[in-house]
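Peer 1: I am attaching a structure below and will ask some questions about it afterwards.
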Amino acid sequence: MFYKSTRNSNLKVTSAQAISQGISEDGGLFVPESIPSLTLEEVEKIGKMSYSERAAYVFTKFLTDFTEAEIRYCTDNAYSTKNFETENIAEIAHLFDGTYMLELWHGPTCAFKDMALQILPYFLTTSAKKLNIDKKIVILVATSGDTGKAALEGFKDVEGTQIMVFYPENGVSSMQKRQMTTQEGQNVGVCAVKGNFDDCQSGVKKIFTDETVKKALADNKLMFSSANSINWGRLVPQVVYYISAYATLVSDEQIKLGDKINVVVPTGNFGNILAAYYAKRMGLPIAKLICASNINNVLTDFINTGVYDRNRKFYATCSPSMDILISSNLERLLYILTGDNDAQIKEWFGALAKDGKYEVSADVKAKIKEDFYAGFCDDNGTKETIKSIYDKYSYVCDTHTAVAVKVYEDYRRETKDETRTIIASTASPYKFSASVLEAICPDYKADDEYALVDKINELSDISIPDALADLKNKPVRFTGSIDRAEMSDFVMKTLGIR
Ligand SMILES: *Cc1c(COP(=O)(O)O)cnc(C)c1O
């Protein structure tokens, strides 16, 4: 199996190359040249395996240049109870009749990003070894909160790597900030940037493409790579948990092998829902993919009209990990739906870069509608949903998951579709305690983030994740705050090459 670029169908690279490079030189994203198939017999077989074995089974289909031993090395190290609070890695909670919460946040940083970022460092170092790359891999991350911490935990003390994370000084929750500034590890760096997430992101992009920096890196046996969801190594681990969840529902006799299910995903960069789409295309019996957005509803409009238009107001919401106006992974979906038409993708994404807007053809629009339903929910709707789920089922869910539940309720009311449904639950409620408590007990006043955590613990059956409880005792290691213009200096100094 080879990988092509969405902007150059003639390019052919192995998965190890795609993962170590992160993004194609032409600016396109790497995609597998064909989508491997998965039979129902295989799904049944997967139901009897551990999570690590399930993951290895799926990876064998995509990472054909990896040996079985290499794949098992990666999965066994990533998906163990060393890193996850539960043996099943991803838990399924039965919420109400025929609706299941796929809890993807039992990892070290309490958000679903761990499902991929626990394994990416192993993929990356294994790929580098296979390709005889003898350079140290430097990971730069711009984060609005969740990715940064998940990447830090994944890469901390991983030999042959170094990681630096930039976050907007006033753009992350206090818990997220504490998670990052107390980060342990010898190869990690964290720095606040005086600006918003876009400032961090464009600062990082600028460093990636700066010729002087690149030359300094090469002279010192260093290379950059990316840990965000443009990297195929972050997407493929997400395909696994949809297949795994289906297999579990079959073995738990909640559904029969072959029954169709719907999947609801709270969406930002379109990575998580694209992974579900891949699972469907492999043969997993998925009926509708329901794309849930917050008030930054560029994807809702796109799926409903075929016009992608980022020229709109940006809102800071209580589901901040979905506050995004450019959903990078949509490029992969459109590449598939245009029949691998790289010229068309170049045209649309060129227009997006230039005018912030493009419109897909009627044919592509119709194909999108076949597989996807889209809806959105504002902060009021999010909080009302958290409260009503709590009142009805004594289940406390986070703000991002609540967006998905609300959009699913709207879908069900509108379509009367009673198909059994998996909702991707993307963060622990503890991680967004302040907003969750505003929803459930608006009069509660807390002294600090730990009081909030204790209060959630009173309300919920879910115990406080060790990783968050331990933060209290960890010293703050990173207090730096810099201007965007100083980011490249910071990187060079940290690497000791200036
Ligand atoms: C990143 C994130 C999302 C959005 O996922 P995408 O893959 O970007 O669509 C949703 N919820 C939480 C909690 C996240 O951290």
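We name chains A, B, ... following the order of the structure tokens; residues begin at 1 in each chain, and ligands are numbered from 1 as shown.
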Pick out the residues no farther than 9 Å from ligand 1, counting only C-alpha atoms and all ligand atoms, and list them as a PyMOL selection string.
Peer 2: chain A and resi 105+110-113+144-147+229+235+265-275+291+293+319-324+327-329+398-401+424-428+431
Peer 1: Range 243-313 of chain A: which residues are alpha helix (DSSP H) by DSSP, as a VMD selection string?
Peer 2: chain A and resid 243 to 251 271 to 282 298 to 305
Peer 1: Would you pick out the contacts of range 331-338 of chain A at 10 Å or less, using only C-alpha atoms, so that residues sharing its chain but fewer than 3 positions from it are not included, and give the list as an mmCIF file with all heavy atoms, in the first residue's frame?
Peer 2:
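around34.cif written:
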data_model
loop_
_atom_site.group_PDB
_atom_site.id
_atom_site.type_symbol
_atom_site.label_atom_id
_atom_site.label_comp_id
_atom_site.auth_asym_id
_atom_site.auth_seq_id
_atom_site.Cartn_x
_atom_site.Cartn_y
_atom_site.Cartn_z
ATOM 1 N N SER A 5 -0.353 12.125 -2.531
ATOM 2 C CA SER A 5 -0.697 13.438 -1.998
ATOM 3 C C SER A 5 -2.013 13.879 -2.623
ATOM 4 O O SER A 5 -2.257 13.643 -3.800
ATOM 5 C CB SER A 5 0.412 14.443 -2.352
ATOM 6 O OG SER A 5 -0.107 15.759 -2.236
ATOM 7 N N THR A 6 -2.857 14.551 -1.822
ATOM 8 C CA THR A 6 -4.126 15.060 -2.360
ATOM 9 C C THR A 6 -3.892 16.119 -3.432
ATOM 10 O O THR A 6 -4.807 16.489 -4.147
ATOM 11 C CB THR A 6 -4.981 15.684 -1.252
ATOM 12 O OG1 THR A 6 -4.160 16.612 -0.521
ATOM 13 C CG2 THR A 6 -5.531 14.643 -0.300
ATOM 14 N N ARG A 7 -2.643 16.627 -3.531
ATOM 15 C CA ARG A 7 -2.379 17.638 -4.552
ATOM 16 C C ARG A 7 -1.418 17.127 -5.629
ATOM 17 O O ARG A 7 -0.974 17.890 -6.479
ATOM 18 C CB ARG A 7 -1.840 18.919 -3.909
ATOM 19 C CG ARG A 7 -2.868 19.482 -2.913
ATOM 20 C CD ARG A 7 -2.558 20.850 -2.419
ATOM 21 N NE ARG A 7 -3.402 21.165 -1.255
ATOM 22 C CZ ARG A 7 -3.356 22.295 -0.590
ATOM 23 N NH1 ARG A 7 -2.510 23.238 -0.959
ATOM 24 N NH2 ARG A 7 -4.137 22.496 0.450
ATOM 25 N N SER A 9 -1.381 13.244 -7.449
ATOM 26 C CA SER A 9 -1.729 11.815 -7.462
ATOM 27 C C SER A 9 -0.586 10.940 -7.949
ATOM 28 O O SER A 9 -0.614 9.724 -7.773
ATOM 29 C CB SER A 9 -2.959 11.579 -8.345
ATOM 30 O OG SER A 9 -4.071 12.273 -7.830
ATOM 31 N N GLY A 28 -0.140 19.202 -0.021
ATOM 32 C CA GLY A 28 -1.258 18.268 0.088
ATOM 33 C C GLY A 28 -1.107 17.344 1.292
ATOM 34 O O GLY A 28 -0.075 17.320 1.953
ATOM 35 N N LEU A 29 -2.166 16.573 1.550
ATOM 36 C CA LEU A 29 -2.151 15.615 2.652
ATOM 37 C C LEU A 29 -1.981 14.212 2.088
ATOM 38 O O LEU A 29 -2.481 13.912 1.003
ATOM 39 C CB LEU A 29 -3.467 15.695 3.447
ATOM 40 C CG LEU A 29 -3.875 17.077 3.950
ATOM 41 C CD1 LEU A 29 -5.095 16.960 4.857
ATOM 42 C CD2 LEU A 29 -2.736 17.733 4.712
ATOM 43 N N PHE A 30 -1.299 13.366 2.828
ATOM 44 C CA PHE A 30 -1.117 11.996 2.365
ATOM 45 C C PHE A 30 -2.384 11.171 2.594
ATOM 46 O O PHE A 30 -2.996 11.256 3.657
ATOM 47 C CB PHE A 30 0.057 11.341 3.092
ATOM 48 C CG PHE A 30 1.388 11.899 2.677
ATOM 49 C CD1 PHE A 30 2.203 12.564 3.579
ATOM 50 C CD2 PHE A 30 1.824 11.757 1.364
ATOM 51 C CE1 PHE A 30 3.428 13.081 3.192
ATOM 52 C CE2 PHE A 30 3.057 12.273 0.965
ATOM 53 C CZ PHE A 30 3.862 12.939 1.884
ATOM 54 N N VAL A 31 -2.760 10.398 1.550
ATOM 55 C CA VAL A 31 -3.909 9.491 1.664
ATOM 56 C C VAL A 31 -3.507 8.128 1.106
ATOM 57 O O VAL A 31 -2.709 8.048 0.174
ATOM 58 C CB VAL A 31 -5.134 9.999 0.861
ATOM 59 C CG1 VAL A 31 -5.789 11.173 1.538
ATOM 60 C CG2 VAL A 31 -4.745 10.371 -0.564
ATOM 61 N N PRO A 32 -4.077 7.054 1.650
ATOM 62 C CA PRO A 32 -3.776 5.724 1.090
ATOM 63 C C PRO A 32 -4.309 5.648 -0.337
ATOM 64 O O PRO A 32 -5.362 6.223 -0.635
ATOM 65 C CB PRO A 32 -4.524 4.756 2.015
ATOM 66 C CG PRO A 32 -5.505 5.574 2.772
ATOM 67 C CD PRO A 32 -5.008 6.982 2.787
ATOM 68 N N GLU A 33 -3.581 4.967 -1.216
ATOM 69 C CA GLU A 33 -3.991 4.938 -2.639
ATOM 70 C C GLU A 33 -5.291 4.165 -2.834
ATOM 71 O O GLU A 33 -5.999 4.379 -3.813
ATOM 72 C CB GLU A 33 -2.874 4.360 -3.513
ATOM 73 C CG GLU A 33 -2.483 2.959 -3.106
ATOM 74 C CD GLU A 33 -1.332 2.396 -3.919
ATOM 75 O OE1 GLU A 33 -0.953 2.997 -4.935
ATOM 76 O OE2 GLU A 33 -0.818 1.336 -3.524
ATOM 77 N N SER A 34 -5.600 3.266 -1.918
ATOM 78 C CA SER A 34 -6.918 2.608 -1.960
ATOM 79 C C SER A 34 -7.330 2.339 -0.514
ATOM 80 O O SER A 34 -6.492 2.338 0.380
ATOM 81 C CB SER A 34 -6.841 1.306 -2.746
ATOM 82 O OG SER A 34 -5.972 0.415 -2.076
ATOM 83 N N ILE A 35 -8.625 2.120 -0.320
ATOM 84 C CA ILE A 35 -9.092 1.881 1.049
ATOM 85 C C ILE A 35 -9.233 0.381 1.251
ATOM 86 O O ILE A 35 -9.972 -0.280 0.512
ATOM 87 C CB ILE A 35 -10.425 2.618 1.303
ATOM 88 C CG1 ILE A 35 -10.196 4.130 1.138
ATOM 89 C CG2 ILE A 35 -10.950 2.311 2.708
ATOM 90 C CD1 ILE A 35 -11.444 4.976 1.255
ATOM 91 N N ILE A 230 -3.106 16.578 10.388
ATOM 92 C CA ILE A 230 -2.743 16.443 8.979
ATOM 93 C C ILE A 230 -1.828 15.225 8.798
ATOM 94 O O ILE A 230 -1.704 14.699 7.701
ATOM 95 C CB ILE A 230 -2.046 17.712 8.433
ATOM 96 C CG1 ILE A 230 -0.853 18.088 9.301
ATOM 97 C CG2 ILE A 230 -3.028 18.868 8.326
ATOM 98 C CD1 ILE A 230 -0.018 19.211 8.732
ATOM 99 N N PHE A 270 -12.177 18.079 11.349
ATOM 100 C CA PHE A 270 -12.731 17.033 10.498
ATOM 101 C C PHE A 270 -11.909 15.737 10.535
ATOM 102 O O PHE A 270 -12.112 14.835 9.736
ATOM 103 C CB PHE A 270 -12.889 17.514 9.044
ATOM 104 C CG PHE A 270 -14.009 16.832 8.291
ATOM 105 C CD1 PHE A 270 -15.332 17.178 8.533
ATOM 106 C CD2 PHE A 270 -13.754 15.840 7.353
ATOM 107 C CE1 PHE A 270 -16.368 16.551 7.849
ATOM 108 C CE2 PHE A 270 -14.789 15.210 6.665
ATOM 109 C CZ PHE A 270 -16.099 15.566 6.910
ATOM 110 N N GLY A 271 -10.970 15.625 11.485
ATOM 111 C CA GLY A 271 -10.136 14.425 11.551
ATOM 112 C C GLY A 271 -10.891 13.221 12.099
ATOM 113 O O GLY A 271 -10.896 12.137 11.499
ATOM 114 N N LEU A 274 -13.643 11.985 9.834
ATOM 115 C CA LEU A 274 -13.070 11.381 8.629
ATOM 116 C C LEU A 274 -12.612 9.952 8.916
ATOM 117 O O LEU A 274 -12.748 9.058 8.075
ATOM 118 C CB LEU A 274 -11.901 12.213 8.109
ATOM 119 C CG LEU A 274 -11.282 11.683 6.809
ATOM 120 C CD1 LEU A 274 -12.226 11.908 5.627
ATOM 121 C CD2 LEU A 274 -9.939 12.329 6.527
ATOM 122 N N TYR A 277 -15.489 7.845 8.589
ATOM 123 C CA TYR A 277 -15.787 7.666 7.162
ATOM 124 C C TYR A 277 -14.903 6.569 6.553
ATOM 125 O O TYR A 277 -15.366 5.724 5.789
ATOM 126 C CB TYR A 277 -15.604 8.990 6.420
ATOM 127 C CG TYR A 277 -15.798 8.879 4.930
ATOM 128 C CD1 TYR A 277 -17.079 8.815 4.387
ATOM 129 C CD2 TYR A 277 -14.710 8.829 4.063
ATOM 130 C CE1 TYR A 277 -17.272 8.694 3.017
ATOM 131 C CE2 TYR A 277 -14.885 8.713 2.698
ATOM 132 C CZ TYR A 277 -16.164 8.647 2.175
ATOM 133 O OH TYR A 277 -16.348 8.526 0.816
ATOM 134 N N TYR A 278 -13.609 6.581 6.894
ATOM 135 C CA TYR A 278 -12.724 5.512 6.419
ATOM 136 C C TYR A 278 -13.226 4.151 6.887
ATOM 137 O O TYR A 278 -13.236 3.176 6.122
ATOM 138 C CB TYR A 278 -11.283 5.735 6.909
ATOM 139 C CG TYR A 278 -10.441 6.577 5.968
ATOM 140 C CD1 TYR A 278 -10.115 7.889 6.267
ATOM 141 C CD2 TYR A 278 -9.957 6.041 4.779
ATOM 142 C CE1 TYR A 278 -9.349 8.673 5.406
ATOM 143 C CE2 TYR A 278 -9.179 6.808 3.907
ATOM 144 C CZ TYR A 278 -8.878 8.118 4.230
ATOM 145 O OH TYR A 278 -8.118 8.856 3.373
ATOM 146 N N SER A 327 -11.061 23.519 8.325
ATOM 147 C CA SER A 327 -11.047 22.099 8.686
ATOM 148 C C SER A 327 -10.164 21.352 7.701
ATOM 149 O O SER A 327 -10.610 20.919 6.642
ATOM 150 C CB SER A 327 -12.467 21.545 8.661
ATOM 151 O OG SER A 327 -13.264 22.270 9.560
ATOM 152 N N SER A 328 -8.894 21.178 8.061
ATOM 153 C CA SER A 328 -7.881 20.664 7.124
ATOM 154 C C SER A 328 -8.239 19.318 6.513
ATOM 155 O O SER A 328 -7.993 19.083 5.333
ATOM 156 C CB SER A 328 -6.536 20.513 7.818
ATOM 157 O OG SER A 328 -6.318 21.532 8.723
ATOM 158 N N ASN A 341 -9.048 13.485 -7.803
ATOM 159 C CA ASN A 341 -8.801 14.567 -8.755
ATOM 160 C C ASN A 341 -7.916 15.653 -8.121
ATOM 161 O O ASN A 341 -8.400 16.630 -7.549
ATOM 162 C CB ASN A 341 -10.152 15.143 -9.200
ATOM 163 C CG ASN A 341 -10.010 16.119 -10.346
ATOM 164 O OD1 ASN A 341 -8.934 16.675 -10.567
ATOM 165 N ND2 ASN A 341 -11.098 16.332 -11.069
ATOM 166 N N ASP A 342 -6.596 15.463 -8.248
ATOM 167 C CA ASP A 342 -5.655 16.369 -7.582
ATOM 168 C C ASP A 342 -5.750 17.810 -8.112
ATOM 169 O O ASP A 342 -5.610 18.772 -7.351
ATOM 170 C CB ASP A 342 -4.213 15.838 -7.654
ATOM 171 C CG ASP A 342 -3.782 15.469 -9.073
ATOM 172 O OD1 ASP A 342 -4.623 15.548 -9.992
ATOM 173 O OD2 ASP A 342 -2.607 15.106 -9.243
ATOM 174 N N ALA A 343 -6.026 17.940 -9.426
ATOM 175 C CA ALA A 343 -6.111 19.291 -10.010
ATOM 176 C C ALA A 343 -7.290 20.053 -9.395
ATOM 177 O O ALA A 343 -7.185 21.245 -9.064
ATOM 178 C CB ALA A 343 -6.273 19.194 -11.525
ATOM 179 N N GLN A 344 -8.413 19.341 -9.251
ATOM 180 C CA GLN A 344 -9.601 19.952 -8.654
ATOM 181 C C GLN A 344 -9.339 20.378 -7.197
ATOM 182 O O GLN A 344 -9.737 21.465 -6.777
ATOM 183 C CB GLN A 344 -10.756 18.938 -8.709
ATOM 184 C CG GLN A 344 -12.057 19.451 -8.172
ATOM 185 C CD GLN A 344 -12.629 20.566 -9.029
ATOM 186 O OE1 GLN A 344 -13.254 20.317 -10.041
ATOM 187 N NE2 GLN A 344 -12.392 21.797 -8.640
ATOM 188 N N ILE A 345 -8.642 19.519 -6.457
ATOM 189 C CA ILE A 345 -8.336 19.827 -5.054
ATOM 190 C C ILE A 345 -7.443 21.069 -4.983
ATOM 191 O O ILE A 345 -7.649 21.965 -4.169
ATOM 192 C CB ILE A 345 -7.629 18.627 -4.366
ATOM 193 C CG1 ILE A 345 -8.578 17.432 -4.303
ATOM 194 C CG2 ILE A 345 -7.124 18.997 -2.966
ATOM 195 C CD1 ILE A 345 -9.846 17.648 -3.520
ATOM 196 N N LYS A 346 -6.453 21.111 -5.877
ATOM 197 C CA LYS A 346 -5.552 22.277 -5.898
ATOM 198 C C LYS A 346 -6.333 23.556 -6.156
ATOM 199 O O LYS A 346 -6.092 24.589 -5.549
ATOM 200 C CB LYS A 346 -4.474 22.096 -6.977
ATOM 201 C CG LYS A 346 -3.173 21.567 -6.395
ATOM 202 C CD LYS A 346 -2.009 21.791 -7.332
ATOM 203 C CE LYS A 346 -1.964 20.678 -8.350
ATOM 204 N NZ LYS A 346 -0.729 20.535 -9.081
ATOM 205 N N TRP A 348 -9.649 24.143 -5.568
ATOM 206 C CA TRP A 348 -10.508 24.514 -4.440
ATOM 207 C C TRP A 348 -9.694 25.042 -3.251
ATOM 208 O O TRP A 348 -10.035 26.055 -2.651
ATOM 209 C CB TRP A 348 -11.350 23.305 -3.978
ATOM 210 C CG TRP A 348 -12.448 22.952 -4.934
ATOM 211 C CD1 TRP A 348 -12.995 23.775 -5.874
ATOM 212 C CD2 TRP A 348 -13.115 21.695 -5.062
ATOM 213 N NE1 TRP A 348 -13.974 23.100 -6.566
ATOM 214 C CE2 TRP A 348 -14.075 21.830 -6.091
ATOM 215 C CE3 TRP A 348 -13.014 20.463 -4.398
ATOM 216 C CZ2 TRP A 348 -14.914 20.777 -6.475
ATOM 217 C CZ3 TRP A 348 -13.857 19.427 -4.774
ATOM 218 C CH2 TRP A 348 -14.796 19.573 -5.803
ATOM 219 N N PHE A 349 -8.604 24.350 -2.931
ATOM 220 C CA PHE A 349 -7.852 24.778 -1.751
ATOM 221 C C PHE A 349 -6.981 26.000 -2.035
ATOM 222 O O PHE A 349 -6.631 26.739 -1.122
ATOM 223 C CB PHE A 349 -7.111 23.583 -1.120
ATOM 224 C CG PHE A 349 -8.077 22.714 -0.372
ATOM 225 C CD1 PHE A 349 -8.834 21.751 -1.043
ATOM 226 C CD2 PHE A 349 -8.307 22.908 0.982
ATOM 227 C CE1 PHE A 349 -9.785 20.986 -0.376
ATOM 228 C CE2 PHE A 349 -9.256 22.152 1.661
ATOM 229 C CZ PHE A 349 -9.997 21.191 0.983
ATOM 230 N N VAL A 360 -18.062 23.200 -4.080
ATOM 231 C CA VAL A 360 -17.847 21.920 -4.757
ATOM 232 C C VAL A 360 -18.938 21.700 -5.812
ATOM 233 O O VAL A 360 -19.973 22.368 -5.811
ATOM 234 C CB VAL A 360 -17.815 20.735 -3.763
ATOM 235 C CG1 VAL A 360 -16.642 20.868 -2.812
ATOM 236 C CG2 VAL A 360 -19.118 20.608 -2.987
ATOM 237 N N SER A 361 -18.680 20.737 -6.701
ATOM 238 C CA SER A 361 -19.628 20.442 -7.781
ATOM 239 C C SER A 361 -20.891 19.787 -7.223
ATOM 240 O O SER A 361 -20.892 19.248 -6.113
ATOM 241 C CB SER A 361 -18.969 19.497 -8.783
ATOM 242 O OG SER A 361 -18.627 18.296 -8.114
ATOM 243 N N ASP A 363 -22.252 17.096 -8.085
ATOM 244 C CA ASP A 363 -22.027 15.661 -7.919
ATOM 245 C C ASP A 363 -21.385 15.352 -6.551
ATOM 246 O O ASP A 363 -21.830 14.468 -5.816
ATOM 247 C CB ASP A 363 -21.125 15.220 -9.090
ATOM 248 C CG ASP A 363 -20.529 13.857 -8.866
ATOM 249 O OD1 ASP A 363 -21.310 12.934 -8.585
ATOM 250 O OD2 ASP A 363 -19.288 13.709 -8.976
ATOM 251 N N VAL A 364 -20.344 16.123 -6.216
ATOM 252 C CA VAL A 364 -19.663 15.917 -4.931
ATOM 253 C C VAL A 364 -20.609 16.255 -3.784
ATOM 254 O O VAL A 364 -20.681 15.540 -2.771
ATOM 255 C CB VAL A 364 -18.362 16.759 -4.860
ATOM 256 C CG1 VAL A 364 -17.811 16.801 -3.438
ATOM 257 C CG2 VAL A 364 -17.325 16.202 -5.819
ATOM 258 N N LYS A 365 -21.361 17.318 -3.960
ATOM 259 C CA LYS A 365 -22.310 17.720 -2.925
ATOM 260 C C LYS A 365 -23.315 16.591 -2.647
ATOM 261 O O LYS A 365 -23.609 16.265 -1.506
ATOM 262 C CB LYS A 365 -23.043 18.986 -3.396
ATOM 263 C CG LYS A 365 -23.893 19.617 -2.334
ATOM 264 C CD LYS A 365 -24.646 20.811 -2.880
ATOM 265 C CE LYS A 365 -25.936 20.978 -2.093
ATOM 266 N NZ LYS A 365 -26.801 22.006 -2.651
ATOM 267 N N LYS A 367 -22.882 13.403 -3.168
ATOM 268 C CA LYS A 367 -22.192 12.285 -2.505
ATOM 269 C C LYS A 367 -22.019 12.559 -1.018
ATOM 270 O O LYS A 367 -22.142 11.663 -0.185
ATOM 271 C CB LYS A 367 -20.820 12.060 -3.146
ATOM 272 C CG LYS A 367 -20.889 11.345 -4.476
ATOM 273 C CD LYS A 367 -19.473 11.047 -4.967
ATOM 274 C CE LYS A 367 -19.480 10.501 -6.374
ATOM 275 N NZ LYS A 367 -18.222 10.830 -7.071
ATOM 276 N N ILE A 368 -21.682 13.812 -0.684
ATOM 277 C CA ILE A 368 -21.512 14.163 0.733
ATOM 278 C C ILE A 368 -22.827 13.933 1.475
ATOM 279 O O ILE A 368 -22.862 13.349 2.550
ATOM 280 C CB ILE A 368 -21.057 15.632 0.885
ATOM 281 C CG1 ILE A 368 -19.631 15.797 0.331
ATOM 282 C CG2 ILE A 368 -21.101 16.074 2.348
ATOM 283 C CD1 ILE A 368 -19.154 17.236 0.263
#
Peer 1: Residues at most 9 Å from Gln183 in chain A, counting only C-alpha atoms, excluding those fewer than 5 positions away in the same chain, as a PyMOL selection string?
Peer 2: chain A and resi 149+152-153+156+178+188-190+474-478
Peer 1: When DSSP works through the backbone of this structure, what residues of range 204-240 of chain A end up as strand (DSSP E), shown as an MDAnalysis selection string?
Peer 2: chainID A and resid 222:225
Peer 1: With only C-alpha atoms counted and 9 Å as the cut-off, give the residues of range 13-53 of chain A in contact with range 241-253 of chain A, each with its shortest interatomic distance in Å and the pair that gives it, as JSON lines.
Peer 2:
{"residue": "A:Val43", "atom": "CA", "partner": "A:Ala247", "partner_atom": "CA", "distance": 5.7}
{"residue": "A:Glu44", "atom": "CA", "partner": "A:Ala247", "partner_atom": "CA", "distance": 6.2}
{"residue": "A:Lys45", "atom": "CA", "partner": "A:Ala247", "partner_atom": "CA", "distance": 8.3}
{"residue": "A:Ile46", "atom": "CA", "partner": "A:Ala247", "partner_atom": "CA", "distance": 6.4}
{"residue": "A:Gly47", "atom": "CA", "partner": "A:Ala247", "partner_atom": "CA", "distance": 4.6}
{"residue": "A:Lys48", "atom": "CA", "partner": "A:Ser251", "partner_atom": "CA", "distance": 7.8}
{"residue": "A:Tyr51", "atom": "CA", "partner": "A:Ser244", "partner_atom": "CA", "distance": 7.5}
Peer 1: With a cut-off of 9 Å, could you pull out the residues of range 75-169 of chain A touching range 463-466 of chain A and give me the nearest pair of atoms for each, distance in Å to one decimal, using only C-alpha atoms, ordered by chain and ascending number, as JSON lines?
Peer 2:
{"residue": "A:Glu85", "atom": "CA", "partner": "A:Pro465", "partner_atom": "CA", "distance": 7.8}
{"residue": "A:His106", "atom": "CA", "partner": "A:Pro465", "partner_atom": "CA", "distance": 8.0}
{"residue": "A:Pro108", "atom": "CA", "partner": "A:Pro465", "partner_atom": "CA", "distance": 8.4}
{"residue": "A:Thr109", "atom": "CA", "partner": "A:Pro465", "partner_atom": "CA", "distance": 9.0}
{"residue": "A:Cys110", "atom": "CA", "partner": "A:Pro465", "partner_atom": "CA", "distance": 7.6}
Peer 1: Between CA of Phe372 in chain A and CA of Val239 in chain A, measure the distance and give it in Å to one decimal.
Peer 2: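 Going from CA of Phe372 in chain A over to CA of Val239 in chain A, I get 16.8 Å.
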Peer 1: One decimal, in Å: what's the spacing between CA of Phe197 in chain A and CA of Ala142 in chain A?
Peer 2: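 Between CA of Phe197 in chain A and CA of Ala142 in chain A the gap works out to 7.2 Å.
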Peer 1: Using only C-alpha atoms, pick whichever of A:Val407, A:Ala439, A:Ala55, A:Val165 has the shortest atom-to-atom distance to Asn297 in chain A.
Peer 2: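 With only C-alpha atoms as the atom set, the closest residue is A:Val407.
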Peer 1: Need to verify the contact set: range 356-358 of chain A, 8 Å, only C-alpha atoms, exclusion of same-chain residues closer than 2 positions in sequence. Can you return it as a VMD selection string?
Peer 2: chain A and resid 307 to 311 348 to 349 351 to 354 360
Peer 1: Using only C-alpha atoms, pick whichever of A:Phe376, A:Lys392, A:Leu11, A:Val491 has the shortest atom-to-atom distance to Lys214 in chain A.
Peer 2: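 That would be A:Val491, the residue with the smallest distance to Lys214 in chain A.
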Peer 1: From the list A:Gly233, A:Pro168, A:Pro429, A:Gly195, which residue is nearest Ile462 in chain A when using only C-alpha atoms?
Peer 2: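 Selected residue with least distance to Ile462 in chain A: A:Pro429.
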Peer 1: Would you pick out the contacts of Ser52 in chain A at 8 Å or less, using only C-alpha atoms, so that residues sharing its chain but fewer than 6 positions from it are not included, and give the list as a short mmCIF file (atom, residue, chain, number, x, y, z; two decimals) with all heavy atoms, in the first residue's frame?
Peer 2:
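Everything below was put into around_25.cif:
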data_model
loop_
_atom_site.label_atom_id
_atom_site.label_comp_id
_atom_site.auth_asym_id
_atom_site.auth_seq_id
_atom_site.Cartn_x
_atom_site.Cartn_y
_atom_site.Cartn_z
N ARG A 72 3.26 -4.37 16.47
CA ARG A 72 2.94 -4.79 17.84
C ARG A 72 3.74 -3.99 18.88
O ARG A 72 3.26 -3.68 19.96
CB ARG A 72 3.18 -6.30 18.05
CG ARG A 72 2.09 -7.16 17.45
CD ARG A 72 0.69 -6.72 17.85
NE ARG A 72 0.42 -6.76 19.28
CZ ARG A 72 -0.24 -7.71 19.90
NH1 ARG A 72 -0.70 -8.74 19.22
NH2 ARG A 72 -0.44 -7.64 21.20
N THR A 75 1.73 -0.73 19.17
CA THR A 75 0.41 -0.82 19.83
C THR A 75 0.55 -1.26 21.30
O THR A 75 -0.16 -0.74 22.15
CB THR A 75 -0.53 -1.80 19.09
OG1 THR A 75 0.07 -3.10 19.05
CG2 THR A 75 -0.83 -1.33 17.69
N ASP A 76 1.46 -2.19 21.57
CA ASP A 76 1.59 -2.66 22.96
C ASP A 76 2.09 -1.54 23.88
O ASP A 76 1.68 -1.45 25.03
CB ASP A 76 2.53 -3.87 23.05
CG ASP A 76 1.86 -5.13 22.52
OD1 ASP A 76 0.63 -5.10 22.32
OD2 ASP A 76 2.56 -6.13 22.29
N TYR A 79 -1.14 1.32 23.86
CA TYR A 79 -2.47 0.99 24.41
C TYR A 79 -2.37 0.01 25.57
O TYR A 79 -2.75 -1.15 25.47
CB TYR A 79 -3.36 0.43 23.30
CG TYR A 79 -3.56 1.43 22.18
CD1 TYR A 79 -3.26 1.11 20.86
CD2 TYR A 79 -4.03 2.72 22.45
CE1 TYR A 79 -3.42 2.03 19.84
CE2 TYR A 79 -4.19 3.65 21.44
CZ TYR A 79 -3.89 3.30 20.14
OH TYR A 79 -4.05 4.21 19.14
N SER A 80 -1.81 0.48 26.67
CA SER A 80 -1.72 -0.37 27.85
C SER A 80 -2.25 0.41 29.05
O SER A 80 -2.46 1.62 28.98
CB SER A 80 -0.26 -0.77 28.10
OG SER A 80 0.40 0.26 28.80
#
Peer 1: Given the choices A:Ser388, A:Thr421, A:Ser394, A:Thr415, which gets closest to Ile456 in chain A if the distance is worked out from only C-alpha atoms?
Peer 2: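 Closest to Ile456 in chain A of all the choices is A:Ser394.
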Peer 1: Would you list the contacts of Val403 in chain A as an NGL selection string, taking every protein, DNA or RNA residue within 9 Å and counting only C-alpha atoms, but skipping same-chain residues closer than 6 positions in sequence?
Peer 2: :A and (266 or 292-294 or 319 or 376-379 or 381-383 or 385-386)
